[in-house]
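Chemist: Sharing a structure here in structure tokens format.
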Amino acid sequence: MSALTVLAADEFKAPGLELFDFPTLWAGAPFWLTKPVLLAILSSLVVVGFCWSAFGNPKLVPRGVQNIGEYGYMFVRDQVARPFLGKDADRYMGLLLSLFFLVWIWNLMGVVPVLQFPVAAHIAFPAVLALVVYGMKIYLGMKHQGALGYFKNMMFPPGLPKPIYVLLAPIEFLSNMIVAPFTHAVRLFANMFAGHIILAFFSMVGFWFLFEKLTPLGAPVGVLGVVFTIAMTGFELFIQFLQAFLFALLAAMYIGGSLHAEH
Amino acid sequence: MLPVTMLMEQSDMTSRSSPAIVVPAMSEMERSPEQDGRDFANAAWSIPSYLISGMIIWGGSGWLLSRWTGVHAFIPIGILTGVVLAIYLVYVKYGR
């Protein structure tokens, strides 16, 4: 038994789920106060601070932070809000811009040195955002199409023989009411979760074979690990942006679907 | 961008007919690609969701039926029925 543990300590061990288990920040802290929670609060402060400095005291000719903020605003408005909300886009820009920036900063926490944990890699965080959007979707749908009309428009696409609805309506209901919000949260969570494991794995390979157990045969593997860590960090930066964009885009799509019944 | 032939047809139209008829046609041309894009995005994001839902609903019904009758063939039949119905639903909503 003791020989086995010595051997195990001597072998490379790929990082796993323990990456996502955090103790409380200090002994005796409330049980919920862990690193991801701290990063989530920090991200909110970053977004609030950024938007405050960008839009708090706007100038006609934008300079500095306002310039960057307006780029972000225009991106969300033209790529996310307008394609799905049309003339209602401006009314929901506050929500969509906050969602986009918040999720992006959450994700970026995964590559900030020392912090190095993408908040959304714990499903609770994206689940809360997805639930907010889900609540808005149902509320707006019932408000704009009527409580019954909303479900009727959703589950009964017009112009089909009646028996067909028995077959199709359950699919529509499950898809819109359960699968859609679920995948909304899981898509973001799974991408960040997997990305964090990939980065941890390659940096572990580099660290292990170059620093912990440097051998002539192991060294090239370690170099490969370092190279891949750098390459994958670049790739992660792209994925982090993409997932933040998609999260806001899907939110706009769900809200747009509630405002106007599909034809 | 419009194909060259369409642009030429358009300029022919403007030279022959009054601008009053051309203007609504132009505004419609400007609006429709956006609507098409929205429909395409809606369809693209809905299809996986519909397929999963179809498989769960009708595959689940097949599973219940197989539990009840003991005939295991109902499970794959249910799943396939769900997939077919989901594809039909996508066609009904976005394909027609």
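Residue numbering restarts at 1 in every chain; chains get A, B, ... in the order shown in the structure tokens, and ligands count up from 1 in that same order.
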Tell me, as a PDB file with C-alpha atoms, in the first residue's frame, which residues lie within 9 Å of region 30-44 of chain A, counting only C-alpha atoms; anything in the same chain fewer than 2 positions away does not count.
Modeler:
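What landed in result.pdb:
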ATOM      1  CA  PHE A  22     -12.774  25.518  -3.453  1.00  0.00           C
ATOM      2  CA  PRO A  23     -12.587  25.894   0.294  1.00  0.00           C
ATOM      3  CA  THR A  24     -14.102  28.982   1.893  1.00  0.00           C
ATOM      4  CA  LEU A  25     -11.870  32.039   1.485  1.00  0.00           C
ATOM      5  CA  TRP A  26     -10.634  31.866   5.075  1.00  0.00           C
ATOM      6  CA  ALA A  27     -11.336  29.504   7.935  1.00  0.00           C
ATOM      7  CA  GLY A  28     -14.651  30.461   9.498  1.00  0.00           C
ATOM      8  CA  VAL A  46     -15.638  45.657 -13.054  1.00  0.00           C
ATOM      9  CA  VAL A  47     -18.702  45.860 -15.333  1.00  0.00           C
ATOM     10  CA  VAL A  48     -20.355  48.548 -13.189  1.00  0.00           C
ATOM     11  CA  GLY A  49     -17.106  50.508 -13.000  1.00  0.00           C
ATOM     12  CA  LEU A 102     -20.786  40.379 -17.394  1.00  0.00           C
ATOM     13  CA  VAL A 103     -20.481  36.973 -19.055  1.00  0.00           C
ATOM     14  CA  ILE A 105     -15.673  39.326 -17.779  1.00  0.00           C
ATOM     15  CA  TRP A 106     -16.710  36.116 -15.982  1.00  0.00           C
ATOM     16  CA  MET A 109     -11.345  35.549 -15.240  1.00  0.00           C
ATOM     17  CA  LEU A 115      -7.408  34.636 -10.471  1.00  0.00           C
ATOM     18  CA  PHE A 117     -11.007  30.598 -12.777  1.00  0.00           C
ATOM     19  CA  PRO A 118     -13.831  31.142 -15.289  1.00  0.00           C
ATOM     20  CA  VAL A 119     -16.819  31.891 -13.059  1.00  0.00           C
ATOM     21  CA  ALA A 120     -19.268  30.190 -15.442  1.00  0.00           C
ATOM     22  CA  ALA A 121     -17.439  26.870 -14.942  1.00  0.00           C
ATOM     23  CA  HIS A 122     -19.745  26.472 -11.941  1.00  0.00           C
ATOM     24  CA  PHE A 125     -23.784  31.143 -12.200  1.00  0.00           C
TER      25      PHE A 125
END
Chemist: Compute the chain A side of the contact with chain B at 6 Å, counting only C-alpha atoms, and hand it back as a ChimeraX atom specification.
Modeler: /A:171,174-175
Chemist: Please list as a PyMOL selection string every residue within 9 Å of region 145-147 of chain A, counting only C-alpha atoms and excluding residues in the same chain fewer than 6 positions away.
Modeler: chain A and resi 139+153+258-261
Chemist: Would you put the residues from that selection into a file with N, CA and C atoms, as a short mmCIF file (atom, residue, chain, number, x, y, z; two decimals), in the first residue's frame?
Modeler:
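Contents of the output file result_19.cif:
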data_model
loop_
_atom_site.label_atom_id
_atom_site.label_comp_id
_atom_site.auth_asym_id
_atom_site.auth_seq_id
_atom_site.Cartn_x
_atom_site.Cartn_y
_atom_site.Cartn_z
N TYR A 139 -42.72 36.17 -19.01
CA TYR A 139 -43.48 37.36 -18.63
C TYR A 139 -43.83 38.19 -19.86
N ASN A 153 -49.75 30.33 -29.44
CA ASN A 153 -48.85 30.66 -30.55
C ASN A 153 -47.62 29.77 -30.53
N SER A 258 -40.77 36.33 -27.74
CA SER A 258 -41.91 36.61 -26.87
C SER A 258 -42.63 37.87 -27.28
N LEU A 259 -41.88 38.84 -27.81
CA LEU A 259 -42.51 40.13 -28.18
C LEU A 259 -43.42 39.97 -29.39
N HIS A 260 -42.96 39.18 -30.36
CA HIS A 260 -43.76 39.00 -31.57
C HIS A 260 -44.00 37.52 -31.77
N ALA A 261 -45.26 37.16 -31.93
CA ALA A 261 -45.57 35.76 -32.23
C ALA A 261 -44.94 35.40 -33.56
#
Chemist: Please, what distance in Å, to one decimal, runs between CA of Leu129 (chain A) and CA of Glu172 (chain A)?
Modeler: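 Between these atoms lies a distance of 22.8 Å.
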Chemist: Write out as a ChimeraX atom specification the residues lying within 6 Å of region 72-84 of chain A, counting only C-alpha atoms and excluding same-chain residues fewer than 3 positions away.
Modeler: /A:69,89,249,252-253,256
Chemist: Taking into account only C-alpha atoms, which residue in the set A:Trp208, A:Phe235, A:Phe182, A:Trp104 is nearest to His196 (chain A)?
Modeler: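 Ranking A:Trp208, A:Phe235, A:Phe182, A:Trp104 by distance to His196 (chain A), first place goes to A:Phe235.
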Chemist: Need to verify the contact set: Gly59 (chain B), 6 Å, only C-alpha atoms, exclusion of same-chain residues closer than 4 positions in sequence. Can you return it as a compact mmCIF listing (two decimals) with C-alpha atoms, in the first residue's frame?
Modeler:
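What landed in around.txt:
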# COMPACT_ATOMS: atom_id res chain seq x y z
CA MET B 55 -36.56 12.26 -28.85
CA ILE B 75 -38.08 2.44 -27.54
CA GLY B 78 -40.47 6.10 -30.27
CA ILE B 79 -37.08 7.80 -30.65
Chemist: From the list A:Gly257, A:Gly195, A:Trp52, A:Phe173, which residue is nearest His144 (chain A) when using only C-alpha atoms?
Modeler: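 Smallest distance to His144 (chain A) is found for A:Gly257.
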